[in-house]
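The file entry_38.txt comes next; it holds compact mmCIF, C-alpha atoms.
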```txt
# COMPACT_ATOMS: atom_id res chain seq x y z
CA MET A 1 0.00 0.00 0.00
CA ASP A 2 1.16 3.55 -0.76
CA PHE A 3 -0.51 4.87 2.41
CA ASP A 4 -1.96 3.68 5.69
CA LEU A 5 -4.70 6.32 5.51
CA PHE A 6 -5.89 8.27 2.48
CA ILE A 7 -8.25 11.17 3.21
CA ILE A 8 -10.39 12.80 0.55
CA GLY A 9 -11.18 16.34 1.68
CA ALA A 10 -9.07 18.85 3.64
CA GLY A 11 -11.79 20.35 5.80
CA SER A 12 -12.04 20.30 9.58
CA ALA A 13 -12.37 16.51 9.87
CA GLY A 14 -9.87 15.67 7.14
CA VAL A 15 -7.07 17.94 8.32
CA ARG A 16 -7.48 16.91 11.97
CA ALA A 17 -7.55 13.19 11.16
CA GLY A 18 -4.64 13.52 8.75
CA ARG A 19 -2.17 15.40 10.87
CA MET A 20 -2.98 13.47 14.06
CA ALA A 21 -2.67 10.11 12.28
CA ALA A 22 0.68 11.20 10.86
CA GLY A 23 1.73 12.12 14.38
CA MET A 24 0.97 8.52 15.35
CA GLY A 25 3.44 7.32 12.77
CA LYS A 26 1.00 6.52 9.99
CA LYS A 27 1.72 7.27 6.35
CA VAL A 28 -1.06 9.68 5.38
CA ALA A 29 -2.25 11.47 2.25
CA VAL A 30 -4.89 14.19 2.05
CA ALA A 31 -6.38 15.10 -1.34
CA GLU A 32 -8.14 18.42 -1.91
CA SER A 33 -9.36 20.17 -5.05
CA ARG A 34 -10.73 23.45 -3.70
CA TYR A 35 -9.29 24.99 -0.51
CA LEU A 36 -7.76 24.00 2.82
CA GLY A 37 -9.96 24.27 5.88
CA GLY A 38 -13.25 23.28 4.30
CA THR A 39 -16.58 25.07 4.62
CA CYS A 40 -15.99 26.52 8.07
CA VAL A 41 -12.79 28.39 7.29
CA ASN A 42 -13.61 29.49 3.75
CA VAL A 43 -17.37 29.95 3.28
CA GLY A 44 -18.87 29.19 6.67
CA CYS A 45 -18.34 29.87 10.36
CA VAL A 46 -15.27 32.11 10.25
CA PRO A 47 -16.12 34.60 7.47
CA LYS A 48 -19.78 34.59 8.56
CA LYS A 49 -18.88 35.61 12.12
CA LEU A 50 -16.62 38.37 10.77
CA PHE A 51 -19.57 39.69 8.75
CA VAL A 52 -21.83 39.45 11.80
CA TYR A 53 -19.40 41.63 13.74
CA ALA A 54 -19.53 44.22 10.97
CA SER A 55 -23.32 44.21 10.82
CA GLU A 56 -23.60 44.97 14.55
CA PHE A 57 -21.85 48.35 14.43
CA PRO A 58 -24.91 50.29 13.21
CA HIS A 59 -26.81 48.94 16.26
CA VAL A 60 -23.97 50.15 18.48
CA GLN A 61 -24.21 53.60 16.95
CA ALA A 62 -27.95 53.83 17.59
CA GLU A 63 -27.66 52.54 21.15
CA ALA A 64 -24.73 54.80 22.09
CA LYS A 65 -26.85 57.97 22.15
CA GLY A 66 -28.55 56.98 25.39
CA PHE A 67 -25.13 56.79 27.01
CA GLY A 68 -24.17 60.29 25.89
CA LEU A 69 -22.08 59.23 22.91
CA ASP A 70 -22.72 60.67 19.46
CA ILE A 71 -21.01 58.14 17.19
CA GLN A 72 -20.94 58.94 13.49
CA LEU A 73 -20.65 56.14 10.96
CA ASN A 74 -19.45 57.02 7.48
CA GLN A 75 -20.79 55.17 4.47
CA PHE A 76 -20.23 51.41 4.64
CA HIS A 77 -17.42 50.36 2.29
CA TRP A 78 -18.10 46.77 1.23
CA PRO A 79 -14.75 46.12 -0.55
CA THR A 80 -12.85 46.81 2.69
CA LEU A 81 -14.85 44.25 4.67
CA ARG A 82 -14.80 41.71 1.84
CA ASP A 83 -11.08 41.99 1.15
CA ASN A 84 -10.02 42.08 4.82
CA LYS A 85 -12.08 38.94 5.35
CA THR A 86 -10.38 37.29 2.39
CA LYS A 87 -6.93 38.16 3.75
CA GLU A 88 -7.83 36.49 7.05
CA ILE A 89 -9.11 33.39 5.25
CA GLU A 90 -5.91 33.19 3.22
CA ARG A 91 -3.91 33.44 6.45
CA LEU A 92 -5.90 30.53 7.88
CA ASN A 93 -5.41 28.54 4.66
CA GLY A 94 -1.68 28.94 5.17
CA ILE A 95 -1.93 27.72 8.76
CA TYR A 96 -3.77 24.61 7.63
CA LYS A 97 -1.12 23.98 4.97
CA ASN A 98 1.63 24.25 7.58
CA LEU A 99 -0.22 21.90 9.92
CA LEU A 100 -0.29 19.25 7.21
CA ASP A 101 3.23 19.84 5.95
CA ASN A 102 4.82 19.94 9.40
CA SER A 103 3.12 16.72 10.47
CA GLY A 104 4.44 14.84 7.44
CA VAL A 105 1.15 14.44 5.56
CA THR A 106 1.37 14.17 1.78
CA THR A 107 -0.98 16.81 0.35
CA LEU A 108 -2.29 16.08 -3.13
CA TRP A 109 -4.06 18.81 -5.10
CA GLY A 110 -6.74 17.63 -7.52
CA HIS A 111 -10.07 15.87 -7.68
CA ALA A 112 -9.97 12.52 -5.88
CA LYS A 113 -12.40 9.65 -6.24
CA LEU A 114 -12.65 6.03 -5.21
CA VAL A 115 -11.73 3.52 -7.91
CA GLY A 116 -11.58 0.48 -5.64
CA PRO A 117 -11.97 -0.51 -1.98
CA ASN A 118 -8.32 0.41 -1.39
CA SER A 119 -7.67 2.71 -4.36
CA VAL A 120 -8.06 6.43 -4.96
CA GLU A 121 -7.49 8.24 -8.24
CA VAL A 122 -6.32 11.86 -8.16
CA ASP A 123 -6.28 13.49 -11.59
CA GLY A 124 -5.29 10.28 -13.35
CA THR A 125 -2.85 8.89 -10.78
CA VAL A 126 -4.00 5.94 -8.67
CA TYR A 127 -2.87 5.51 -5.07
CA SER A 128 -3.41 2.54 -2.77
CA SER A 129 -4.25 2.78 0.91
CA GLU A 130 -5.14 0.42 3.72
CA LYS A 131 -7.95 2.75 4.86
CA ILE A 132 -9.76 5.52 2.99
CA LEU A 133 -11.58 8.31 4.80
CA LEU A 134 -14.20 10.38 2.98
CA ALA A 135 -14.50 13.91 4.38
CA THR A 136 -15.66 16.10 1.52
CA GLY A 137 -18.31 18.02 3.47
CA GLY A 138 -21.54 19.50 2.22
CA TRP A 139 -22.64 21.83 -0.56
CA PRO A 140 -25.50 24.35 -0.74
CA THR A 141 -28.72 23.31 -2.47
CA LYS A 142 -31.16 25.36 -4.54
CA PRO A 143 -34.90 24.88 -5.01
CA ASP A 144 -35.87 23.62 -8.45
CA ILE A 145 -37.72 26.70 -9.66
CA PRO A 146 -37.57 28.73 -12.89
CA GLY A 147 -34.66 31.12 -12.67
CA LYS A 148 -32.75 29.13 -10.06
CA GLU A 149 -29.55 29.95 -11.96
CA HIS A 150 -29.94 33.51 -10.67
CA LEU A 151 -29.85 32.41 -7.04
CA LEU A 152 -26.64 32.96 -5.11
CA THR A 153 -25.72 30.71 -2.22
CA SER A 154 -23.80 31.59 0.92
CA ASN A 155 -20.63 30.53 -0.94
CA GLU A 156 -20.86 33.40 -3.43
CA LEU A 157 -22.18 35.94 -0.92
CA PHE A 158 -18.74 36.23 0.65
CA TYR A 159 -17.23 37.50 -2.62
CA LEU A 160 -19.81 39.90 -4.07
CA ASP A 161 -18.43 42.63 -6.33
CA GLN A 162 -20.97 45.12 -4.99
CA PHE A 163 -23.07 45.23 -1.85
CA PRO A 164 -26.80 45.13 -2.69
CA ALA A 165 -29.32 47.79 -1.77
CA SER A 166 -32.08 45.16 -1.54
CA ALA A 167 -32.27 41.39 -1.24
CA VAL A 168 -34.49 38.38 -0.65
CA VAL A 169 -33.03 35.54 1.40
CA ILE A 170 -34.81 32.22 0.80
CA GLY A 171 -34.90 29.86 3.78
CA SER A 172 -35.82 29.71 7.43
CA GLY A 173 -32.89 27.87 9.03
CA TYR A 174 -29.90 29.30 10.82
CA ILE A 175 -27.91 30.05 7.65
CA ALA A 176 -30.80 32.04 6.16
CA VAL A 177 -31.44 33.91 9.41
CA GLU A 178 -27.77 34.73 9.91
CA PHE A 179 -27.23 36.08 6.40
CA ALA A 180 -30.48 38.01 6.42
CA GLY A 181 -29.29 39.67 9.63
CA ILE A 182 -25.91 40.46 8.11
CA LEU A 183 -27.39 42.05 5.01
CA ASN A 184 -29.99 43.97 7.00
CA GLY A 185 -27.49 45.20 9.56
CA LEU A 186 -25.19 46.55 6.86
CA GLY A 187 -27.97 48.60 5.30
CA CYS A 188 -29.54 46.30 2.71
CA ASP A 189 -33.36 46.33 2.56
CA THR A 190 -33.78 42.64 3.31
CA GLN A 191 -36.71 40.25 3.11
CA ILE A 192 -36.57 36.64 4.27
CA ALA A 193 -38.86 34.16 2.51
CA SER A 194 -39.89 31.17 4.61
CA ARG A 195 -42.42 28.68 3.29
CA SER A 196 -43.81 28.04 6.78
CA GLY A 197 -43.49 31.61 8.01
CA ARG A 198 -41.60 30.22 11.02
CA LEU A 199 -37.92 30.94 11.43
CA LEU A 200 -35.51 28.45 13.04
CA ARG A 201 -37.87 25.50 13.05
CA GLY A 202 -36.56 22.49 14.92
CA PHE A 203 -35.25 24.47 17.86
CA ASP A 204 -37.07 24.79 21.17
CA GLU A 205 -40.43 26.25 20.20
CA SER A 206 -40.84 29.04 22.74
CA THR A 207 -37.22 30.12 22.27
CA ARG A 208 -37.62 30.00 18.50
CA SER A 209 -40.84 32.00 18.62
CA ILE A 210 -39.39 34.77 20.76
CA ALA A 211 -36.25 34.77 18.61
CA GLN A 212 -38.39 35.35 15.51
CA ARG A 213 -40.16 38.25 17.19
CA GLU A 214 -36.89 39.89 18.24
CA ILE A 215 -35.12 39.24 14.91
CA LEU A 216 -37.94 40.89 12.96
CA LYS A 217 -37.78 43.94 15.23
CA LYS A 218 -34.43 44.75 13.62
CA GLY A 219 -36.12 45.66 10.34
CA LEU A 220 -36.24 42.37 8.45
CA ASN A 221 -39.42 41.70 6.51
CA LEU A 222 -40.82 38.16 6.55
CA ILE A 223 -42.61 36.68 3.54
CA ALA A 224 -44.46 33.50 4.53
CA GLU A 225 -43.93 31.80 1.17
CA GLN A 226 -41.15 30.28 -0.86
CA PRO A 227 -40.53 31.84 -4.29
CA SER A 228 -42.06 30.12 -7.32
CA ALA A 229 -39.77 31.85 -9.86
CA VAL A 230 -36.96 34.38 -10.19
CA VAL A 231 -36.86 36.59 -13.30
CA LYS A 232 -33.82 38.68 -14.24
CA ASN A 233 -34.51 42.20 -15.54
CA ASP A 234 -32.72 45.51 -16.03
CA ASN A 235 -33.13 46.46 -12.35
CA GLY A 236 -32.00 43.18 -10.86
CA PHE A 237 -34.44 40.37 -10.16
CA GLU A 238 -38.16 40.00 -9.78
CA VAL A 239 -38.98 37.35 -7.20
CA GLN A 240 -42.39 35.82 -7.81
CA PHE A 241 -44.58 33.87 -5.38
CA ALA A 242 -47.51 31.50 -5.95
CA SER A 243 -49.89 33.89 -4.20
CA GLY A 244 -49.21 36.49 -6.88
CA LEU A 245 -46.87 38.54 -4.72
CA LYS A 246 -43.88 39.99 -6.57
CA THR A 247 -40.89 41.85 -5.19
CA GLN A 248 -38.04 43.58 -7.02
CA VAL A 249 -34.54 43.26 -5.52
CA GLU A 250 -30.89 43.47 -6.50
CA LEU A 251 -29.90 40.11 -5.01
CA VAL A 252 -31.57 36.77 -4.29
CA VAL A 253 -29.78 34.50 -1.82
CA CYS A 254 -30.68 30.85 -1.41
CA ALA A 255 -30.10 29.31 2.03
CA THR A 256 -32.42 26.32 1.94
CA GLY A 257 -29.97 23.71 3.16
CA ARG A 258 -26.91 21.68 2.24
CA THR A 259 -26.43 18.16 0.94
CA PRO A 260 -23.46 15.77 1.16
CA ASN A 261 -20.80 16.62 -1.41
CA ILE A 262 -20.52 13.18 -3.05
CA GLU A 263 -20.69 14.04 -6.75
CA ASN A 264 -18.07 12.15 -8.77
CA LEU A 265 -16.63 10.65 -5.60
CA GLY A 266 -16.99 7.04 -6.78
CA ILE A 267 -19.64 6.27 -4.16
CA GLN A 268 -22.12 4.59 -6.48
CA GLU A 269 -19.47 2.73 -8.46
CA GLN A 270 -18.03 1.19 -5.28
CA GLY A 271 -21.47 0.24 -3.96
CA ILE A 272 -21.29 2.45 -0.87
CA SER A 273 -24.71 2.72 0.75
CA LEU A 274 -26.59 5.92 1.49
CA ASP A 275 -29.27 6.32 4.14
CA SER A 276 -32.84 7.50 3.50
CA LYS A 277 -31.77 11.16 3.77
CA GLY A 278 -28.96 10.84 1.22
CA PHE A 279 -26.10 10.78 3.72
CA ILE A 280 -23.40 8.10 3.62
CA ALA A 281 -24.46 5.28 5.94
CA VAL A 282 -21.85 4.41 8.58
CA ASN A 283 -21.62 2.47 11.82
CA GLU A 284 -20.31 3.81 15.15
CA GLN A 285 -16.75 3.46 13.85
CA TYR A 286 -17.60 5.64 10.80
CA GLN A 287 -17.21 2.59 8.60
CA THR A 288 -19.29 2.26 5.45
CA ASN A 289 -20.56 -1.03 4.06
CA VAL A 290 -17.20 -1.24 2.22
CA GLU A 291 -14.89 -2.40 4.99
CA SER A 292 -11.88 -0.23 4.14
CA VAL A 293 -13.84 2.99 3.47
CA TYR A 294 -14.94 5.40 6.21
CA ALA A 295 -16.86 8.70 6.21
CA MET A 296 -17.52 11.52 8.66
CA GLY A 297 -18.38 15.20 9.03
CA ASP A 298 -21.14 16.64 6.86
CA LEU A 299 -21.18 13.48 4.75
CA ILE A 300 -22.98 11.57 7.52
CA ASP A 301 -26.21 12.21 9.39
CA THR A 302 -24.82 13.87 12.51
CA ALA A 303 -24.87 17.52 13.63
CA GLN A 304 -23.28 19.57 10.85
CA LEU A 305 -21.00 21.55 13.11
CA THR A 306 -17.24 22.05 12.92
CA PRO A 307 -16.52 20.94 16.51
CA VAL A 308 -18.54 17.77 15.86
CA ALA A 309 -16.45 16.98 12.77
CA LEU A 310 -13.26 17.54 14.76
CA GLU A 311 -14.40 15.23 17.54
CA GLU A 312 -15.45 12.60 15.00
CA ALA A 313 -11.92 12.69 13.61
CA MET A 314 -10.42 12.21 17.06
CA THR A 315 -12.86 9.39 17.85
CA PHE A 316 -11.97 7.69 14.56
CA LEU A 317 -8.27 7.85 15.38
CA ARG A 318 -8.79 6.41 18.87
CA GLN A 319 -10.88 3.61 17.41
CA GLN A 320 -8.48 2.75 14.61
CA TYR A 321 -5.06 3.29 16.13
CA GLN A 322 -5.35 3.44 19.91
CA GLY A 323 -7.58 0.48 20.74
CA ASP A 324 -10.50 2.53 22.08
CA THR A 325 -13.58 1.27 20.26
CA SER A 326 -16.12 3.36 22.20
CA ALA A 327 -18.51 5.49 20.16
CA LEU A 328 -18.75 9.26 20.26
CA ASN A 329 -21.50 10.56 22.55
CA TYR A 330 -23.62 13.03 20.58
CA ASP A 331 -25.76 14.10 23.55
CA ASN A 332 -25.77 17.71 24.75
CA ILE A 333 -23.99 19.33 21.81
CA PRO A 334 -24.18 23.12 22.22
CA THR A 335 -24.79 25.32 19.24
CA ALA A 336 -25.43 28.98 18.49
CA ILE A 337 -27.27 30.87 15.79
CA PHE A 338 -25.48 34.15 15.17
CA SER A 339 -28.69 35.97 14.48
CA GLN A 340 -29.37 39.44 15.84
CA PRO A 341 -29.97 38.97 18.71
CA CYS A 342 -27.94 35.77 19.14
CA MET A 343 -29.63 32.49 20.08
CA ALA A 344 -27.88 29.52 21.68
CA THR A 345 -28.99 26.14 22.91
CA VAL A 346 -27.74 22.95 24.52
CA GLY A 347 -29.50 19.72 25.42
CA LEU A 348 -33.16 18.91 25.00
CA SER A 349 -35.90 21.23 23.87
CA GLU A 350 -39.16 21.21 25.79
CA GLU A 351 -40.79 19.35 22.92
CA SER A 352 -38.10 16.68 22.63
CA ALA A 353 -38.10 16.10 26.40
CA LEU A 354 -41.84 15.47 26.33
CA GLN A 355 -41.50 13.22 23.29
CA ASN A 356 -38.96 11.21 25.28
CA GLY A 357 -41.61 10.67 27.94
CA MET A 358 -39.87 12.79 30.56
CA ASP A 359 -41.70 14.44 33.44
CA ILE A 360 -40.24 17.96 33.37
CA ASP A 361 -40.27 21.33 35.02
CA VAL A 362 -39.79 24.33 32.74
CA TYR A 363 -38.18 27.54 33.98
CA GLU A 364 -38.32 30.73 31.93
CA SER A 365 -37.21 34.32 32.27
CA GLU A 366 -37.78 37.19 29.85
CA PHE A 367 -36.50 40.68 30.57
CA LYS A 368 -34.93 43.86 29.22
CA ALA A 369 -31.17 43.70 29.79
CA LEU A 370 -29.64 46.45 31.91
CA LYS A 371 -27.84 47.87 28.89
CA HIS A 372 -31.11 48.60 27.14
CA THR A 373 -32.54 50.63 30.02
CA LEU A 374 -30.39 53.44 28.56
CA SER A 375 -29.82 52.35 24.97
CA GLY A 376 -33.41 52.98 23.88
CA SER A 377 -33.63 49.52 22.31
CA ASP A 378 -36.72 47.44 23.02
CA GLU A 379 -34.77 44.19 22.61
CA ARG A 380 -35.71 41.46 25.08
CA THR A 381 -33.56 38.68 26.51
CA TYR A 382 -35.02 35.20 27.05
CA MET A 383 -33.71 32.22 29.01
CA LYS A 384 -35.11 28.76 29.59
CA LEU A 385 -34.16 25.65 31.55
CA ILE A 386 -35.62 22.16 31.14
CA VAL A 387 -35.34 20.02 34.29
CA ASP A 388 -36.05 16.30 34.67
CA LYS A 389 -38.25 16.14 37.78
CA LYS A 390 -37.26 12.55 38.52
CA THR A 391 -33.51 13.21 38.73
CA ASP A 392 -33.43 17.02 39.10
CA LEU A 393 -30.94 17.03 36.18
CA VAL A 394 -30.91 20.10 33.96
CA VAL A 395 -31.40 18.48 30.55
CA GLY A 396 -31.78 21.57 28.38
CA ALA A 397 -30.83 25.25 28.36
CA HIS A 398 -31.81 27.89 25.81
CA MET A 399 -31.06 31.58 25.50
CA LEU A 400 -31.80 34.50 23.23
CA GLY A 401 -29.86 37.69 23.77
CA GLU A 402 -26.49 39.41 23.71
CA HIS A 403 -23.54 37.06 24.33
CA ALA A 404 -25.81 33.99 24.28
CA SER A 405 -23.13 31.90 22.55
CA GLU A 406 -20.53 32.78 25.18
CA ILE A 407 -22.86 32.16 28.11
CA LEU A 408 -24.25 28.84 26.84
CA GLN A 409 -20.77 27.37 26.39
CA GLY A 410 -20.32 27.46 30.16
CA ILE A 411 -23.83 26.13 30.76
CA ALA A 412 -23.04 23.28 28.33
CA ILE A 413 -20.13 22.19 30.54
CA ALA A 414 -22.42 22.08 33.56
CA ILE A 415 -25.06 20.04 31.74
CA LYS A 416 -22.44 17.67 30.32
CA ALA A 417 -21.10 17.20 33.85
CA GLY A 418 -24.55 16.27 35.14
CA ALA A 419 -25.49 19.43 37.01
CA THR A 420 -28.85 19.42 38.77
CA LYS A 421 -31.24 22.29 39.28
CA ALA A 422 -30.08 22.27 42.90
CA HIS A 423 -26.54 22.94 41.67
CA PHE A 424 -27.77 25.86 39.60
CA ASP A 425 -29.74 27.21 42.59
CA ALA A 426 -26.73 26.91 44.89
CA THR A 427 -24.49 28.83 42.49
CA ILE A 428 -24.03 32.51 43.25
CA GLY A 429 -24.66 34.74 40.27
CA ILE A 430 -22.40 37.36 38.73
CA HIS A 431 -24.16 40.70 39.22
CA PRO A 432 -25.14 42.62 37.23
CA SER A 433 -25.17 40.28 34.26
CA SER A 434 -27.73 38.56 32.11
CA ALA A 435 -26.02 35.24 32.82
CA GLU A 436 -26.94 35.35 36.50
CA GLU A 437 -30.55 34.76 35.52
CA PHE A 438 -29.69 31.11 34.88
CA VAL A 439 -29.01 30.63 38.61
CA THR A 440 -31.87 32.72 39.97
CA MET A 441 -34.87 31.09 38.27
CA ARG A 442 -36.65 29.48 41.23
CA THR A 443 -40.25 28.85 40.21
CA PRO A 444 -41.17 26.69 37.23
CA VAL A 445 -43.63 28.23 34.78
CA LYS A 446 -44.75 24.78 33.60
CA ARG A 447 -44.84 21.35 35.16
```
What do you get writing this file as structure tokens?
Amino acid sequence: MDFDLFIIGAGSAGVRAGRMAAGMGKKVAVAESRYLGGTCVNVGCVPKKLFVYASEFPHVQAEAKGFGLDIQLNQFHWPTLRDNKTKEIERLNGIYKNLLDNSGVTTLWGHAKLVGPNSVEVDGTVYSSEKILLATGGWPTKPDIPGKEHLLTSNELFYLDQFPASAVVIGSGYIAVEFAGILNGLGCDTQIASRSGRLLRGFDESTRSIAQREILKKGLNLIAEQPSAVVKNDNGFEVQFASGLKTQVELVVCATGRTPNIENLGIQEQGISLDSKGFIAVNEQYQTNVESVYAMGDLIDTAQLTPVALEEAMTFLRQQYQGDTSALNYDNIPTAIFSQPCMATVGLSEESALQNGMDIDVYESEFKALKHTLSGSDERTYMKLIVDKKTDLVVGAHMLGEHASEILQGIAIAIKAGATKAHFDATIGIHPSSAEEFVTMRTPVKR
């Protein structure tokens, strides 16, 4: 064999698995045809968060007046933000390259695909490997409507030549909500088109509902339909809906989901099975039905989050090379939606707890944060705890408000460690802070 481990895809999972396996003395190759770092570094988490930071400055300006500060913002210069973001991404690409090079991984540039259970072809050259790991990530999808060729995805949004004056964002999930908030915050007249009219479906319902209310306060307009067609004209694009509604905008962004990036990967030819959702089917060791081929990250039906992909890579290495065959525990994975305001969650929603047959107490708190008593903003903060009455364990925590992602990371540690409501109650709060509300909620609002 040419290699002990051949990895297709240099994203979060691929790079981590590759360099750590090489550090264990394995002969490793990583093949990549697009960019190092995958979705997160290039067209996902990192550039998105940089854009979120930018979009919050106009809110800061408006809120500063109540504190006696007259902050003046000059006209937003899109090329500066875009190009500074690109420089940072290129810096990170270089770091990823150094990580691979310094660990002794062979990096192969070109399109790779399976041509046998132990063989990978990269631009005409075939390599053999004892194990092959597929880690090619996901790719944005578009609805099959007339004019879909005019739809941009989040990939292209990071590299626009000009910033739009108006836009429609199609979708209701976290990607759609985040990009709608970015565009709106930077001065674009933004509408978000959701077939159901409900943003962030699948999250805890009361948290989601309050989040939608607060997000729309920022000036976003919600259209409770999905477009039926997009027509290009001299002024941009006319977005048409089945109800007869039409809206004219300069940009139409599609954020309706992502699918596993398996095109021309040799999956079908090698007889690798997919599950009912179109993900690659694997067991707890990330092994496909072809014994020597493995898959992880956004290719499989687990939470599509960078830290999850990283932990899957580490679990795979422990299973394959360190004799630890235990499976990764996917319970209590925290996540944040970088909407405006931010929403974060860990553990069970109220609905999922009830579906699991749990007898629960629900604690809630909604309030105006101290900052906004002077800022003039009518933004509300919301917090929620789900407690298993039988064990007193806190099994879910949800928050909407400033710094929600930072606060919930700490709460996630407590929940992972098995903290009870009694532990929360016995913890002294940090005053004055929004976070202290998590340890001062004493009376359940629902039983």
Using all atoms of stretch 421-429 of chain A listed in the file and a margin of 8 Å per side, can you give the axis-aligned box centre and edge lengths in Å to one decimal, as AutoDock Vina command-line options?
```
--center_x -27.6 --center_y 28.5 --center_z 42.1 --size_x 23.2 --size_y 28.5 --size_z 21.6
```
**Message:** Applying 9 Å and only C-alpha atoms, which residues near A:Gly181 remain after dropping the ones on its own chain fewer than 5 positions away? List them as a list in words.
**Reply:** Val52, Ser55, Ala176, Leu186, Thr190, Ile215, Lys218, Leu220, Phe338, Ser339 and Gln340 of chain A
Can you write just those residues out, C-alpha atoms, as a PDB file, in the coordinates of the input?
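And here's result30.pdb as it stands now:
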```
ATOM      1  CA  VAL A  52     -21.830  39.450  11.800  1.00  0.00           C
ATOM      2  CA  SER A  55     -23.320  44.210  10.820  1.00  0.00           C
ATOM      3  CA  ALA A 176     -30.800  32.040   6.160  1.00  0.00           C
ATOM      4  CA  LEU A 186     -25.190  46.550   6.860  1.00  0.00           C
ATOM      5  CA  THR A 190     -33.780  42.640   3.310  1.00  0.00           C
ATOM      6  CA  ILE A 215     -35.120  39.240  14.910  1.00  0.00           C
ATOM      7  CA  LYS A 218     -34.430  44.750  13.620  1.00  0.00           C
ATOM      8  CA  LEU A 220     -36.240  42.370   8.450  1.00  0.00           C
ATOM      9  CA  PHE A 338     -25.480  34.150  15.170  1.00  0.00           C
ATOM     10  CA  SER A 339     -28.690  35.970  14.480  1.00  0.00           C
ATOM     11  CA  GLN A 340     -29.370  39.440  15.840  1.00  0.00           C
TER      12      GLN A 340
END
```
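Candidate residues A:Asp301, A:Glu32, A:Glu269, A:Glu238 were compared for distance to A:Val115, and the nearest is A:Glu269, using all atoms listed in the file.
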**Prompt:** What lies within 12 Å of stretch 413-415 of chain A using all atoms listed in the file, ignoring chain neighbours under 2 positions off, as a ChimeraX atom specification?
**Reply:** /A:331-334,345-348,385-388,392-398,406-411,417-421,423-424,427,438-439
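Shortest separation to A:Ala62 among A:Ser129, A:Ser433, A:Ser377, A:Asn264 occurs at residue A:Ser377, atoms counted being all atoms listed in the file.
Nearest-residue note for A:Thr247: choosing from A:Asp189, A:Asp275, A:Asp4, A:Asp324, the minimum distance belongs to A:Asp189, counting all atoms listed in the file.
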**Prompt:** What's the 9 Å shell around A:Ala21, counting only C-alpha atoms, without same-chain residues fewer than 5 positions away, as a ChimeraX atom specification?
**Reply:** /A:5,16,26-28,103,105,317,321
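Nearest to A:Phe76 of all the residues A:Cys188, A:Val41, A:Ser33, A:Leu134 is A:Cys188, based on only C-alpha atoms.
Interatomic distance, atom CA of A:Gln191 to atom CA of A:Asn155: 19.2 Å.
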**Complete:** Of A:Val60, A:Ala211, A:Met24, A:Ile337, the one sitting nearest A:Tyr174 when using all atoms listed in the file is A:Ile337
**Item:** Shell of 10 Å around A:Asp298, all atoms listed in the file, local chain residues under 4 positions omitted, as a PyMOL selection string
**Value:** chain A and resi 13+39+135-139+258-261+279-280+302-306+308-309
**Request:** Measuring atom to atom with all atoms listed in the file, identify which of A:Thr141, A:Gln355, A:Asn93, A:Asn74 is nearest to A:Thr153.
**Result:** A:Thr141
**Asked** Got a sec: who's within 8 Å of A:Glu364, counting all atoms listed in the file, leaving out chain neighbours fewer than 5 positions off, as a list in words?
**Response** Tyr382, Met383, Lys384, Leu385, Met441, Pro444 and Val445 of chain A
Got time to write the residues from that selection, C-alpha atoms, as a PDB file, keeping the file's coordinate frame?
```
ATOM      1  CA  TYR A 382     -35.020  35.200  27.050  1.00  0.00           C
ATOM      2  CA  MET A 383     -33.710  32.220  29.010  1.00  0.00           C
ATOM      3  CA  LYS A 384     -35.110  28.760  29.590  1.00  0.00           C
ATOM      4  CA  LEU A 385     -34.160  25.650  31.550  1.00  0.00           C
ATOM      5  CA  MET A 441     -34.870  31.090  38.270  1.00  0.00           C
ATOM      6  CA  PRO A 444     -41.170  26.690  37.230  1.00  0.00           C
ATOM      7  CA  VAL A 445     -43.630  28.230  34.780  1.00  0.00           C
TER       8      VAL A 445
END
```
**Item:** Atomic separation - atom CA of A:Gln320 relative to atom CA of A:Gly14, Å
**Value:** 15.0 Å
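Picture a line from atom CA of A:Gln322 to atom CA of A:Leu100; it runs 20.9 Å.
Around the coordinate (-9.1, 13.9, 12.9), residues that reach within 10 Å when counting only C-alpha atoms are Gly11, Ser12, Ala13, Gly14, Val15, Arg16, Ala17, Gly18, Arg19, Met20, Ala21, Met296, Ala309, Leu310, Glu311, Glu312, Ala313, Met314, Thr315, Phe316, Leu317 and Arg318 of chain A.
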